[in-house]
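Notes follow the structure.
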Amino acid sequence: MPDIVVPELEAYTEAHTTAPPPHLATVAERTRAELAAPGMMVGAVEGRFLEMLVFALRARLVLEIGTYSGYSALSMAAALPPGGRIVSCELNPVHAAAARENIAASPYAGDVEVVEGPALDTIQGLIGPFDFVFIDADKRNYLNYYGAVLPKLAPAGLIAADNTLWNGRVVDPADLSEDTVGLRAFNDTVAADERVVCVQLSVRDGVTLIRHAGRSG
Ligand SMILES: C[S@@+](CC[C@H](N)C(=O)[O-])C[C@H]1O[C@@H](n2cnc3c(N)ncnc32)[C@H](O)[C@@H]1O
């Protein structure tokens with residue numbers, strides 16, 4: 001599969017995006033040094049993109065599905081209004097512990113709560129309404145996450161789902177892995193769902209934005 005974004009352009013994009021603050025650069029460094037699969041972090045450009053969305057929405061309650069080491073949660077936390085908060089779901093206790101340490105060392109300790117356990121169970125116990133939801137956990141469950149959060153999304157809220165291009169695997173008919181099949185089902189279902197309006201963007205590995213269908217839909 002070819003790169004979704006040509007590497008030279010990816011580097012150019014990063015060079016023309018406001019650099020991460022020191023605490024986030026430290027999170028990225030620590031994650032690369034201490035955890036497996038650091039490529040799971042959204043990185044500098046998508047981190048800023050998420051921050052922009054939270055800022056533009058004036059999101060007070062954010063739900064994140066898939067914390068890892070906290071990079072995306074801390075990116076979003078920078079744009080929360082006073083009193084705003086992020087609930088972030090993480091299954092892996094090693095990842096949850098790393099994220100809690102990184103959050104505690106950041107300027108946003110107290111704004112981000114990491115809830116350990118299967119995200120579907122956690123979401124069931126949350127009331128909402130969520131102003132912004134970032135889906136970035138196990139790909140095979142994306143449709144389940146969508147079903148669980150849409151009824152709890154604020155009327156003017158937004159869902160962002162990460163990795164929806166899955167490094168191009170969604171258009172490879174030979175790829176029948178559970179995650180790829182799960183992502184295709186998610187992409188097809190959302191695009192055909194008349195309750196929502198969506199746009200799939202080629203930011204990094206594909207980010208799909210979803211809102212309730214409304215007057216301008
Ligand atoms: C792609 S990483 C998240 C990256 C993070 N959003 C960031 O950019 O820094 C996905 C995370 O989801 C977690 N995860 C996988 N299955 C899960 C589940 N069922 N419930 C909650 N978290 C899960 C993984 O342990 C992993 O830490």
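Residues are named by chain letter and number: chains run A, B, ... in the order of the structure tokens, numbers start at 1 in each chain, and ligands are numbered from 1 in the order shown.
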| request: Please report, as an NGL selection string, each residue of chain A to which DSSP assigns helix (DSSP H, G or I) when run on this structure's backbone. | output: :A and (7-15 or 22-34 or 38-40 or 43-57 or 71-77 or 93-104 or 119-124 or 139-152 or 166-171 or 178-192)
| field | A:Lys139 surroundings by only C-alpha atoms, 8 Å radius, close-in-sequence under 4 positions cut, as a PyMOL selection string | value | chain A and resi 179-180+182-183
Please produce an output containing all heavy atoms for each residue in the selection, written as an mmCIF file, in the first residue's frame.
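Dumped to again08.cif:
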data_model
loop_
_atom_site.group_PDB
_atom_site.id
_atom_site.type_symbol
_atom_site.label_atom_id
_atom_site.label_comp_id
_atom_site.auth_asym_id
_atom_site.auth_seq_id
_atom_site.Cartn_x
_atom_site.Cartn_y
_atom_site.Cartn_z
ATOM 1 N N ASP A 179 -9.747 -6.480 12.316
ATOM 2 C CA ASP A 179 -9.716 -5.017 12.474
ATOM 3 C C ASP A 179 -10.098 -4.315 11.173
ATOM 4 O O ASP A 179 -10.853 -3.337 11.173
ATOM 5 C CB ASP A 179 -8.326 -4.559 12.928
ATOM 6 C CG ASP A 179 -8.099 -4.862 14.406
ATOM 7 O OD1 ASP A 179 -9.096 -5.037 15.138
ATOM 8 O OD2 ASP A 179 -6.931 -4.922 14.819
ATOM 9 N N THR A 180 -9.560 -4.808 10.051
ATOM 10 C CA THR A 180 -9.870 -4.184 8.756
ATOM 11 C C THR A 180 -11.364 -4.333 8.438
ATOM 12 O O THR A 180 -12.024 -3.373 8.022
ATOM 13 C CB THR A 180 -9.012 -4.808 7.637
ATOM 14 O OG1 THR A 180 -7.640 -4.677 8.005
ATOM 15 C CG2 THR A 180 -9.248 -4.118 6.304
ATOM 16 N N GLY A 182 -13.726 -4.743 10.559
ATOM 17 C CA GLY A 182 -14.439 -3.887 11.515
ATOM 18 C C GLY A 182 -14.449 -2.434 11.085
ATOM 19 O O GLY A 182 -15.470 -1.743 11.175
ATOM 20 N N LEU A 183 -13.298 -1.971 10.575
ATOM 21 C CA LEU A 183 -13.218 -0.570 10.133
ATOM 22 C C LEU A 183 -14.060 -0.337 8.883
ATOM 23 O O LEU A 183 -14.722 0.702 8.760
ATOM 24 C CB LEU A 183 -11.760 -0.183 9.867
ATOM 25 C CG LEU A 183 -10.985 0.229 11.117
ATOM 26 C CD1 LEU A 183 -9.508 0.362 10.807
ATOM 27 C CD2 LEU A 183 -11.524 1.536 11.693
#
| field | Nearby residues, ligand 1, 8 Å, only C-alpha atoms and all ligand atoms, as a PyMOL selection string | value | chain A and resi 39-43+47+64-73+89-92+95-96+116-120+134-138+141
| message | Would you pick out the contacts of stretch 207-215 of chain A at 10 Å or less, using only C-alpha atoms, so that residues sharing its chain but fewer than 3 positions from it are not included, and give the list as a ChimeraX atom specification? | response | /A:46,132-136,146,150-151,153-166,187,190-191,193-204
Find the residues around A:Val87 up to 8 Å (only C-alpha atoms counted), leave out those fewer than 2 positions away in its own chain, and share them as a CSV table (one decimal) with N, CA, C and O atoms, in the first residue's frame.
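Contents of result-v1.csv, freshly written:
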chain,number,residue,atom,x,y,z
A,61,LEU,N,-17.3,18.6,28.0
A,61,LEU,CA,-17.1,17.1,28.4
A,61,LEU,C,-16.7,16.3,27.2
A,61,LEU,O,-17.4,16.3,26.2
A,62,VAL,N,-15.5,15.8,27.3
A,62,VAL,CA,-14.9,15.0,26.2
A,62,VAL,C,-14.7,13.6,26.7
A,62,VAL,O,-14.3,13.3,27.8
A,63,LEU,N,-15.1,12.6,25.8
A,63,LEU,CA,-14.9,11.2,26.0
A,63,LEU,C,-13.8,10.7,25.0
A,63,LEU,O,-13.9,10.9,23.8
A,64,GLU,N,-12.8,10.1,25.6
A,64,GLU,CA,-11.8,9.5,24.7
A,64,GLU,C,-11.8,7.9,24.9
A,64,GLU,O,-11.9,7.5,26.0
A,85,ARG,N,-13.7,18.8,31.2
A,85,ARG,CA,-12.9,17.6,31.6
A,85,ARG,C,-13.0,16.6,30.5
A,85,ARG,O,-13.9,16.6,29.7
A,89,CYS,N,-10.9,6.2,28.4
A,89,CYS,CA,-11.0,4.8,28.7
A,89,CYS,C,-9.8,4.0,28.2
A,89,CYS,O,-9.4,4.2,27.1
A,112,VAL,N,-8.1,15.4,33.4
A,112,VAL,CA,-8.3,14.2,32.7
A,112,VAL,C,-8.4,13.0,33.6
A,112,VAL,O,-7.5,12.8,34.5
A,113,GLU,N,-9.4,12.2,33.5
A,113,GLU,CA,-9.6,11.0,34.3
A,113,GLU,C,-9.4,9.8,33.4
A,113,GLU,O,-10.1,9.7,32.4
A,114,VAL,N,-8.5,8.9,33.8
A,114,VAL,CA,-8.3,7.7,33.1
A,114,VAL,C,-9.1,6.6,33.8
A,114,VAL,O,-8.9,6.3,35.0
A,115,VAL,N,-10.1,6.0,33.0
A,115,VAL,CA,-10.9,4.9,33.6
A,115,VAL,C,-10.4,3.6,33.0
A,115,VAL,O,-10.4,3.4,31.8
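Among A:Asn144, A:Ser106, A:Thr31, A:Val94, the residue with the shortest atom-to-atom distance to A:Asp121, counting only C-alpha atoms, is A:Asn144.
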| task | Grab the atom CA of A:Leu9 to atom CA of A:Ala44 distance for me, in Å with one decimal place. | result |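 About the pair atom CA of A:Leu9 and atom CA of A:Ala44: they are 14.1 Å apart.
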| With only C-alpha atoms as the atoms that count, which of A:His16, A:Lys152, A:Arg100, A:Arg140 lies nearest to A:Gly125? | A:Lys152
